[in-house]
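Containing compact mmCIF, C-alpha atoms: protein_14.txt.
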# COMPACT_ATOMS: atom_id res chain seq x y z
CA MET A 1 95.28 93.91 153.63
CA PRO A 2 93.39 90.58 153.35
CA LYS A 3 94.90 87.39 154.76
CA SER A 4 95.52 84.45 152.44
CA SER A 5 94.39 80.95 153.28
CA ARG A 6 98.07 80.13 153.54
CA THR A 7 99.60 81.10 156.88
CA ASN A 8 101.60 84.35 156.91
CA ASN A 9 100.98 85.13 153.24
CA ILE A 10 100.68 88.77 152.16
CA VAL A 11 98.03 89.62 149.55
CA LEU A 12 97.55 92.98 147.82
CA HIS A 13 94.80 93.88 145.37
CA LEU A 14 95.29 96.14 142.35
CA ALA A 15 92.95 97.12 139.55
CA ASP A 16 92.91 94.62 136.70
CA ARG A 17 92.84 96.86 133.63
CA ARG A 18 92.73 93.85 131.30
CA GLU A 19 89.08 93.30 132.24
CA GLU A 20 86.32 95.52 130.88
CA ARG A 21 84.64 97.38 133.72
CA VAL A 22 80.91 96.79 134.07
CA GLU A 23 79.80 97.92 137.54
CA GLN A 24 82.63 97.23 139.98
CA LEU A 25 86.31 97.69 139.24
CA PRO A 26 87.90 94.28 138.42
CA MET A 27 90.81 93.46 140.71
CA ARG A 28 93.87 91.22 140.55
CA SER A 29 95.84 89.83 143.48
CA MET A 30 99.54 89.91 144.31
CA GLU A 31 100.59 87.29 146.84
CA MET A 32 103.85 86.61 148.70
CA PRO A 33 105.17 84.01 149.12
CA ARG A 34 103.81 82.16 146.11
CA ARG A 35 104.80 79.25 143.98
CA SER A 36 106.70 80.54 140.99
CA ARG A 37 109.81 79.93 138.95
CA GLY A 38 111.29 83.27 139.98
CA PRO A 39 111.48 84.96 143.37
CA SER A 40 107.98 85.77 144.63
CA SER A 41 109.19 88.95 146.33
CA ARG A 42 110.22 90.65 143.05
CA PRO A 43 106.72 91.93 142.09
CA PHE A 44 106.33 93.35 145.60
CA ALA A 45 109.76 95.01 145.42
CA GLN A 46 108.81 96.55 142.07
CA LEU A 47 105.50 97.79 143.45
CA PHE A 48 106.98 99.37 146.58
CA LYS A 49 109.82 100.93 144.60
CA THR A 50 107.21 102.51 142.34
CA LEU A 51 105.26 103.78 145.34
CA ASP A 52 108.44 105.22 146.82
CA LEU A 53 109.26 107.11 143.60
CA ILE A 54 105.69 108.43 143.35
CA HIS A 55 105.85 109.59 146.97
CA GLU A 56 109.15 111.36 146.27
CA ALA A 57 107.72 113.11 143.20
CA LEU A 58 104.68 114.29 145.17
CA ILE A 59 106.68 115.50 148.16
CA ASP A 60 109.25 117.34 146.04
CA ASP A 61 106.53 118.60 143.65
CA ILE A 62 108.75 117.63 140.73
CA PRO A 63 106.98 115.55 138.07
CA MET A 64 108.74 112.36 137.03
CA THR A 65 108.44 110.46 133.75
CA LYS A 66 107.95 106.73 133.53
CA ARG A 67 111.28 106.59 131.74
CA ASP A 68 112.96 108.28 134.74
CA MET A 69 111.43 105.68 137.03
CA TYR A 70 112.68 102.80 134.91
CA TYR A 71 116.25 104.08 134.81
CA ASN A 72 116.18 104.65 138.56
CA ASP A 73 116.47 100.86 138.96
CA VAL A 74 116.83 99.03 135.66
CA ASP A 75 117.86 95.76 137.29
CA LEU A 76 114.77 95.65 139.48
CA TYR A 77 112.21 96.54 136.81
CA GLY A 78 113.76 94.62 133.95
CA SER A 79 111.72 96.45 131.31
CA GLN A 80 109.93 99.75 130.73
CA SER A 81 106.60 97.93 130.40
CA THR A 82 106.80 96.88 134.07
CA VAL A 83 106.87 100.53 135.18
CA ASP A 84 104.12 101.48 132.73
CA ARG A 85 101.85 98.72 134.01
CA LEU A 86 102.41 99.46 137.71
CA VAL A 87 101.85 103.21 137.39
CA ASP A 88 98.64 102.73 135.40
CA ASP A 89 97.44 99.98 137.75
CA LEU A 90 97.94 102.22 140.78
CA ALA A 91 96.15 105.15 139.11
CA ALA A 92 93.25 102.87 138.16
CA THR A 93 93.10 101.38 141.66
CA TRP A 94 92.79 104.83 143.23
CA GLN A 95 90.60 106.12 140.37
CA ILE A 96 92.85 109.08 139.65
CA SER A 97 94.98 110.19 136.71
CA ARG A 98 98.70 109.70 136.37
CA ALA A 99 99.11 113.46 136.59
CA ASP A 100 97.63 113.27 140.12
CA LEU A 101 100.55 110.98 140.99
CA SER A 102 103.00 113.56 139.56
CA ILE A 103 103.92 111.02 136.88
CA ARG A 104 103.93 111.90 133.22
CA ALA A 105 104.73 110.06 130.02
CA SER A 106 107.28 111.43 127.57
CA PRO A 107 105.27 113.05 124.74
CA LYS A 108 105.51 111.39 121.33
CA GLY A 109 102.62 112.82 119.33
CA LEU A 110 103.15 115.30 116.48
CA ILE A 111 101.04 118.09 115.00
CA CYS A 112 101.31 120.33 111.95
CA GLY A 113 98.93 122.68 110.19
CA SER A 114 97.47 126.11 110.64
CA GLY A 115 94.87 127.92 112.72
CA LEU A 116 95.99 126.92 116.23
CA ALA A 117 98.50 128.34 118.72
CA ILE A 118 99.47 126.46 121.90
CA HIS A 119 100.36 128.77 124.82
CA LEU A 120 102.63 127.15 127.42
CA ARG A 121 102.77 127.80 131.16
CA SER A 122 106.43 128.72 130.71
CA GLY A 123 105.36 131.72 128.63
CA GLY A 124 106.35 130.21 125.29
CA VAL A 125 104.03 129.65 122.35
CA VAL A 126 104.03 126.69 119.97
CA GLU A 127 103.32 128.25 116.58
CA LEU A 128 102.30 125.58 114.11
CA SER A 129 103.55 125.22 110.55
CA SER A 130 101.84 123.29 107.79
CA GLY A 131 105.16 121.89 106.61
CA GLU A 132 107.09 121.31 109.85
CA PRO A 133 105.81 118.99 112.62
CA ALA A 134 105.84 120.07 116.26
CA LEU A 135 105.87 117.83 119.32
CA ILE A 136 102.56 117.88 121.18
CA PRO A 137 103.31 119.18 124.71
CA ALA A 138 102.11 117.41 127.84
CA SER A 139 98.83 118.85 129.10
CA GLU A 140 100.51 119.91 132.34
CA ASP A 141 102.70 122.28 130.32
CA ILE A 142 99.83 123.88 128.40
CA GLU A 143 98.13 127.02 129.65
CA ARG A 144 95.63 127.51 126.84
CA PHE A 145 94.87 126.98 123.16
CA GLU A 146 94.03 129.74 120.71
CA ALA A 147 92.18 128.74 117.52
CA ASP A 148 91.28 131.24 114.82
CA ASN A 149 88.18 131.20 112.64
CA THR A 150 90.07 129.89 109.60
CA LEU A 151 90.36 126.42 111.18
CA ALA A 152 87.97 124.24 109.17
CA TRP A 153 88.97 120.62 109.86
CA VAL A 154 91.16 118.33 111.96
CA LEU A 155 92.70 115.09 110.68
CA ILE A 156 94.17 112.40 112.96
CA VAL A 157 96.55 110.04 111.16
CA GLU A 158 97.52 106.64 112.56
CA LYS A 159 101.01 106.39 111.08
CA GLU A 160 103.95 108.77 111.41
CA ALA A 161 105.19 107.97 107.88
CA VAL A 162 101.85 109.02 106.39
CA PHE A 163 101.80 112.08 108.67
CA GLN A 164 105.25 113.14 107.42
CA THR A 165 104.05 112.77 103.83
CA LEU A 166 101.07 115.02 104.53
CA CYS A 167 103.37 117.57 106.21
CA SER A 168 105.58 117.63 103.12
CA LEU A 169 102.45 118.26 101.03
CA GLU A 170 101.46 121.05 103.46
CA LEU A 171 97.99 119.58 103.67
CA GLY A 172 97.00 121.99 106.44
CA THR A 173 97.05 124.93 104.02
CA HIS A 174 96.39 123.13 100.75
CA ASP A 175 94.37 125.20 98.29
CA ALA A 176 92.13 122.29 97.36
CA LEU A 177 90.66 122.06 100.85
CA PRO A 178 87.81 124.22 102.21
CA GLY A 179 89.84 126.12 104.78
CA ARG A 180 92.90 125.52 106.94
CA GLY A 181 93.34 122.44 109.05
CA LEU A 182 95.40 120.48 111.55
CA VAL A 183 97.09 117.10 111.05
CA ILE A 184 97.84 115.06 114.19
CA THR A 185 99.51 111.70 114.77
CA GLY A 186 99.97 109.63 117.91
CA LYS A 187 102.38 107.32 116.03
CA GLY A 188 100.15 104.28 116.33
CA TYR A 189 98.36 103.85 119.64
CA PRO A 190 98.33 107.44 120.97
CA ASP A 191 99.94 108.68 124.15
CA VAL A 192 98.01 110.61 126.78
CA ALA A 193 99.19 114.04 125.57
CA THR A 194 97.89 113.39 122.05
CA ARG A 195 94.56 112.09 123.32
CA GLN A 196 94.16 115.08 125.65
CA LEU A 197 94.80 117.45 122.74
CA VAL A 198 92.15 115.72 120.61
CA ARG A 199 89.72 115.75 123.54
CA THR A 200 90.32 119.49 124.10
CA LEU A 201 89.72 120.24 120.41
CA ALA A 202 86.56 118.13 120.44
CA GLU A 203 85.20 120.01 123.46
CA ASN A 204 85.97 123.50 122.19
CA LEU A 205 85.85 123.63 118.39
CA PRO A 206 82.49 124.42 116.76
CA LEU A 207 80.52 121.46 115.43
CA GLN A 208 81.07 122.83 111.92
CA VAL A 209 84.73 121.74 112.25
CA PRO A 210 84.88 117.96 111.69
CA ILE A 211 87.46 115.90 113.57
CA LEU A 212 88.42 113.00 111.33
CA ALA A 213 90.66 109.93 111.61
CA LEU A 214 92.63 108.11 108.92
CA VAL A 215 93.69 104.64 110.05
CA ASP A 216 94.60 101.34 108.43
CA GLY A 217 91.69 99.32 107.10
CA ASP A 218 92.18 96.53 109.60
CA ALA A 219 91.12 95.56 113.11
CA PHE A 220 94.08 97.28 114.77
CA GLY A 221 93.45 100.51 112.87
CA ILE A 222 89.85 100.44 114.10
CA ASP A 223 91.08 99.74 117.63
CA ILE A 224 93.33 102.83 117.48
CA LEU A 225 90.32 104.82 116.24
CA SER A 226 88.36 103.47 119.21
CA VAL A 227 91.03 104.68 121.64
CA TYR A 228 90.58 108.26 120.37
CA LYS A 229 86.78 108.07 120.28
CA TYR A 230 85.87 105.97 123.33
CA GLY A 231 89.06 105.75 125.37
CA SER A 232 91.47 102.89 126.02
CA MET A 233 89.95 99.75 127.51
CA CYS A 234 92.78 99.60 130.06
CA MET A 235 92.40 103.27 131.10
CA GLN A 236 88.64 103.57 131.53
CA HIS A 237 89.18 105.44 134.80
CA GLU A 238 90.48 108.39 132.72
CA LYS A 239 87.86 108.14 129.97
CA GLU A 240 86.16 111.42 130.88
CA GLN A 241 89.44 113.33 130.36
CA LEU A 242 90.64 111.48 127.26
CA ALA A 243 87.78 110.22 125.07
CA ALA A 244 86.56 112.37 122.15
CA GLU A 245 83.32 110.95 120.78
CA ARG A 246 83.23 113.61 118.04
CA VAL A 247 85.99 111.80 116.17
CA GLN A 248 84.70 110.40 112.86
CA TRP A 249 86.23 107.60 110.83
CA LEU A 250 87.35 109.11 107.52
CA GLY A 251 88.98 105.93 106.19
CA LEU A 252 90.50 103.61 105.16
CA TRP A 253 87.43 101.42 104.63
CA SER A 254 87.95 97.95 103.21
CA SER A 255 84.57 98.23 101.47
CA GLU A 256 85.69 101.23 99.37
CA LEU A 257 88.85 99.70 97.93
CA SER A 258 87.29 98.16 94.83
CA ALA A 259 85.82 101.57 93.93
CA LEU A 260 89.34 102.99 94.16
CA GLY A 261 90.56 100.45 91.63
CA ILE A 262 92.55 98.49 94.20
CA LEU A 263 92.51 94.78 93.46
CA LYS A 264 92.00 92.13 96.12
CA ASP A 265 95.33 90.54 95.18
CA ALA A 266 97.09 93.73 96.28
CA LEU A 267 95.69 93.43 99.81
CA ILE A 268 97.34 91.71 102.76
CA PRO A 269 95.89 88.42 104.08
CA ILE A 270 94.69 88.72 107.68
CA THR A 271 96.40 86.70 110.40
CA LYS A 272 94.89 84.80 113.30
CA HIS A 273 95.91 87.77 115.46
CA ASP A 274 93.95 90.12 113.17
CA ALA A 275 90.89 87.86 113.32
CA ARG A 276 91.00 87.66 117.13
CA LYS A 277 91.19 91.44 117.39
CA ALA A 278 88.29 91.83 114.95
CA HIS A 279 86.10 89.43 116.93
CA ALA A 280 87.02 91.23 120.18
CA LEU A 281 85.92 94.55 118.67
CA LEU A 282 82.67 93.06 117.43
CA ARG A 283 81.89 91.94 121.00
CA ARG A 284 82.11 95.50 122.31
CA ALA A 285 78.77 97.11 123.03
CA ASN A 286 79.91 100.53 121.74
CA CYS A 287 81.08 99.28 118.32
CA PRO A 288 79.12 101.38 115.76
CA ALA A 289 77.20 99.70 112.93
CA HIS A 290 79.59 101.02 110.27
CA TRP A 291 82.60 99.63 112.10
CA ARG A 292 80.86 96.27 112.45
CA LYS A 293 80.16 96.22 108.72
CA GLU A 294 83.81 96.91 107.88
CA LEU A 295 85.09 94.32 110.36
CA GLN A 296 82.70 91.72 108.98
CA HIS A 297 83.79 92.61 105.43
CA MET A 298 87.42 92.11 106.44
CA LEU A 299 86.66 88.74 108.05
CA PHE A 300 84.66 87.63 105.00
CA THR A 301 87.32 88.60 102.44
CA ARG A 302 90.19 87.55 104.74
CA ARG A 303 92.06 90.66 103.59
CA LYS A 304 93.18 93.92 105.20
CA ALA A 305 94.54 97.17 103.81
CA GLU A 306 97.12 99.67 105.03
CA ILE A 307 96.82 103.39 104.27
CA GLU A 308 99.75 103.18 101.86
CA ILE A 309 97.67 100.98 99.51
CA ILE A 310 95.95 104.16 98.27
CA SER A 311 99.12 104.98 96.32
CA THR A 312 98.32 102.00 94.05
CA ALA A 313 94.81 103.27 93.23
CA ARG A 314 94.30 102.92 89.48
CA THR A 315 91.00 104.78 89.07
CA MET A 316 91.82 108.34 90.05
CA ASP A 317 88.49 109.77 88.88
CA CYS A 318 86.74 107.62 91.50
CA ALA A 319 88.00 110.01 94.19
CA ALA A 320 85.88 112.69 92.61
CA ASP A 321 82.80 110.58 93.22
CA LEU A 322 83.39 111.10 96.95
CA GLY A 323 83.20 114.89 96.52
CA GLN A 324 83.25 117.06 93.42
CA ARG A 325 85.60 119.55 95.14
CA SER A 326 88.35 116.97 94.86
CA LYS A 327 89.08 117.88 91.21
CA TYR A 328 90.08 121.51 91.69
CA THR A 329 91.83 123.91 94.07
CA ARG A 330 90.08 126.99 95.47
CA GLU A 331 91.61 128.93 92.56
CA GLY A 332 90.13 126.51 90.04
CA GLU A 333 93.39 124.75 89.23
CA PRO A 334 93.29 120.94 88.85
CA ILE A 335 94.80 118.88 91.67
CA ASP A 336 97.95 116.93 90.84
CA SER A 337 96.60 113.56 89.70
CA GLY A 338 99.94 111.96 90.52
CA MET A 339 99.11 111.96 94.24
CA PRO A 340 96.35 109.41 94.87
CA LEU A 341 96.51 109.92 98.66
CA LEU A 342 96.07 113.67 98.24
CA ARG A 343 93.11 113.21 95.92
CA TYR A 344 91.54 110.74 98.34
CA LEU A 345 91.93 113.03 101.36
CA VAL A 346 90.80 116.20 99.60
CA ALA A 347 87.63 114.44 98.45
CA LYS A 348 86.74 112.96 101.82
CA ILE A 349 87.74 115.94 104.00
CA SER A 350 85.77 118.29 101.72
CA ALA A 351 82.71 116.06 101.91
CA ALA A 352 83.02 115.86 105.72
CA CYS A 353 83.24 119.67 105.97
CA VAL A 354 80.10 120.08 103.85
CA GLU A 355 78.23 117.57 106.02
CA ALA A 356 79.45 119.20 109.26
CA ARG A 357 78.27 122.63 108.11
CA ARG A 358 74.90 121.17 107.15
CA ARG A 359 74.45 119.54 110.55
CA GLY A 360 75.70 122.60 112.42
CA SER A 361 73.44 125.05 110.65
Would it be possible to restate this file's structure as structure tokens?
Amino acid sequence: MPKSSRTNNIVLHLADRREERVEQLPMRSMEMPRRSRGPSSRPFAQLFKTLDLIHEALIDDIPMTKRDMYYNDVDLYGSQSTVDRLVDDLAATWQISRADLSIRASPKGLICGSGLAIHLRSGGVVELSSGEPALIPASEDIERFEADNTLAWVLIVEKEAVFQTLCSLELGTHDALPGRGLVITGKGYPDVATRQLVRTLAENLPLQVPILALVDGDAFGIDILSVYKYGSMCMQHEKEQLAAERVQWLGLWSSELSALGILKDALIPITKHDARKAHALLRRANCPAHWRKELQHMLFTRRKAEIEIISTARTMDCAADLGQRSKYTREGEPIDSGMPLLRYLVAKISAACVEARRRGS
């Protein structure tokens, strides 16, 4: 425990997950006493309370959720985000996962579709349905996955509302698609359980099965895509267990909107917050050329697009240009032209499956 230049001060160092790691782990300091508007001992009390709860969970061998920790002393923590930050900072400082601390987050991700069974350590099995979403279990509760050879594609969707629409359409077993598939959502920025599921699928599914992501055509949508593909910037110590570089960006691309018959006036003006996020993404070394092009297009036009904008597409035949399979089901019946989102996804998923089979052969 280093000594401060001030007499009798206590200084502790924790990982600073706000800084991008280059060679050495960035650190931040906690000092007591310090000059502040509030009591300087409060951050230390929060930290040691967190350590005490972690120690209790490890000794008793009973995993605890972050939510449990917060409600153990609401007055001390003040907000759930305080617990979240401290737990992740401690895991990053020790270069271990939260599971190693016997701490788990409450799952929030959802999955629907066909071709996958999730076997639990309790002996139960999560049998998926193309029309009914299931909660993605925590990885600690999963014994194994069982995928059958009918699974042809995986689609990650940023938004729960869009995910629920696709469930109601039973996209996972839709006749217009080249095989059965899975639809997954992390409801925005994904939780660990959702990311671990995507990582597991990426490691074990054949390369002929594309793993695709549908996110908003804006900087924050691309950032969510980056979390799935490269890992969260603030959880780089768990990147090897969570990142899935096989994930491909299916859409929404701002550069394709005019071809879909979506007018610029229908788009949303970007904010200063959007522009700052776009510039931050462009500064990342791992930002692919296609992402850079889309971010630059967004900054040039000063417009962004949400997934829901596809419902306003006027030129429905343009979806067929993305893949001729988009016009008909496997039985040769025409796809309902009243569902622009369905036409868009069928076209792009079909094209991705064709490309994946070509590369895998």
Considering all atoms listed in the file, return as a PyMOL selection string whatever protein or nucleic-acid residues lie within 9 Å of segment 306-313 of chain A, sequence-local ones (same chain, fewer than 3 positions apart) excluded.
chain A and resi 158-159+162+214-218+221+251-252+257+260-263+266-268+316+339-341+344
Of the candidates A:Ile96, A:Ala280, A:Ala275, A:Leu128, which shows the shortest atom-to-atom distance to His297 of chain A, using all atoms listed in the file?
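Ranking A:Ile96, A:Ala280, A:Ala275, A:Leu128 by distance to His297 of chain A, first place goes to A:Ala275.
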Here atom CA of Thr82 of chain A and atom CA of Leu51 of chain A stand apart by 13.3 Å
Can you tell me how far atom CA of Arg359 of chain A sits from atom CA of Leu151 of chain A, in Å to one decimal?
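Calculated distance between atom CA of Arg359 of chain A and atom CA of Leu151 of chain A is 17.3 Å.
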note - atom CA of Tyr77 of chain A and atom CA of Ile62 of chain A are separated by 21.7 Å
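Among the candidate residues A:Leu53, A:Ala161, A:Leu47, A:Leu182, the one lying nearest to Arg85 of chain A is A:Leu47, with distances computed using all atoms listed in the file.
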Using only C-alpha atoms, which residues sit within 8 Å of Val157 of chain A once same-chain residues fewer than 3 positions away are excluded, as number ranges by chain?
A: 160, 162-163, 183-186, 213-215
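Closest approach to Ala152 of chain A among A:Leu295, A:Ile211, A:Ala134, A:Ala99 is made by A:Ile211 (distances from all atoms listed in the file).
You can rank A:Pro210, A:Ile156, A:Val74, A:Met64 by their closest distance to Pro178 of chain A using only C-alpha atoms, and at the top of that list sits A:Pro210.
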One residue among A:Glu256, A:Asp175, A:Ala243, A:Asp223 is nearest to Cys287 of chain A when using only C-alpha atoms, and that residue is A:Asp223
Can you pull out every residue within 10 Å of segment 289-291 of chain A, counting only C-alpha atoms, but drop anything in the same chain fewer than 2 positions away, and send it as a PyMOL selection string?
chain A and resi 219+222+226+249+253+281-282+286-287+293-297
For segment 188-195 of chain A, please output as a ChimeraX atom specification all residues within 7 Å (counting all atoms listed in the file; exclusion window: fewer than 3 positions along the same chain).
/A:107-109,136-139,158-159,198-199,224,228,242
Selection to disk with C-alpha atoms, as a short mmCIF file (atom, residue, chain, number, x, y, z; two decimals), keeping the file's coordinate frame:
data_model
loop_
_atom_site.label_atom_id
_atom_site.label_comp_id
_atom_site.auth_asym_id
_atom_site.auth_seq_id
_atom_site.Cartn_x
_atom_site.Cartn_y
_atom_site.Cartn_z
CA PRO A 107 105.27 113.05 124.74
CA LYS A 108 105.51 111.39 121.33
CA GLY A 109 102.62 112.82 119.33
CA ILE A 136 102.56 117.88 121.18
CA PRO A 137 103.31 119.18 124.71
CA ALA A 138 102.11 117.41 127.84
CA SER A 139 98.83 118.85 129.10
CA GLU A 158 97.52 106.64 112.56
CA LYS A 159 101.01 106.39 111.08
CA VAL A 198 92.15 115.72 120.61
CA ARG A 199 89.72 115.75 123.54
CA ILE A 224 93.33 102.83 117.48
CA TYR A 228 90.58 108.26 120.37
CA LEU A 242 90.64 111.48 127.26
#
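The residue that comes closest to Gln248 of chain A, out of A:Val227, A:Ala278, A:Ala352, A:Lys187 and on the basis of only C-alpha atoms, is A:Ala352.
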Contacts of Ser106 of chain A within 8 Å, only C-alpha atoms, excl. fewer than 6 positions in-chain, as a PDB file with C-alpha atoms, keeping the file's coordinate frame:
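selection_15.pdb written:
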ATOM      1  CA  THR A  65     108.440 110.460 133.750  1.00  0.00           C
ATOM      2  CA  LYS A  66     107.950 106.730 133.530  1.00  0.00           C
ATOM      3  CA  ARG A  67     111.280 106.590 131.740  1.00  0.00           C
ATOM      4  CA  ALA A 138     102.110 117.410 127.840  1.00  0.00           C
TER       5      ALA A 138
END
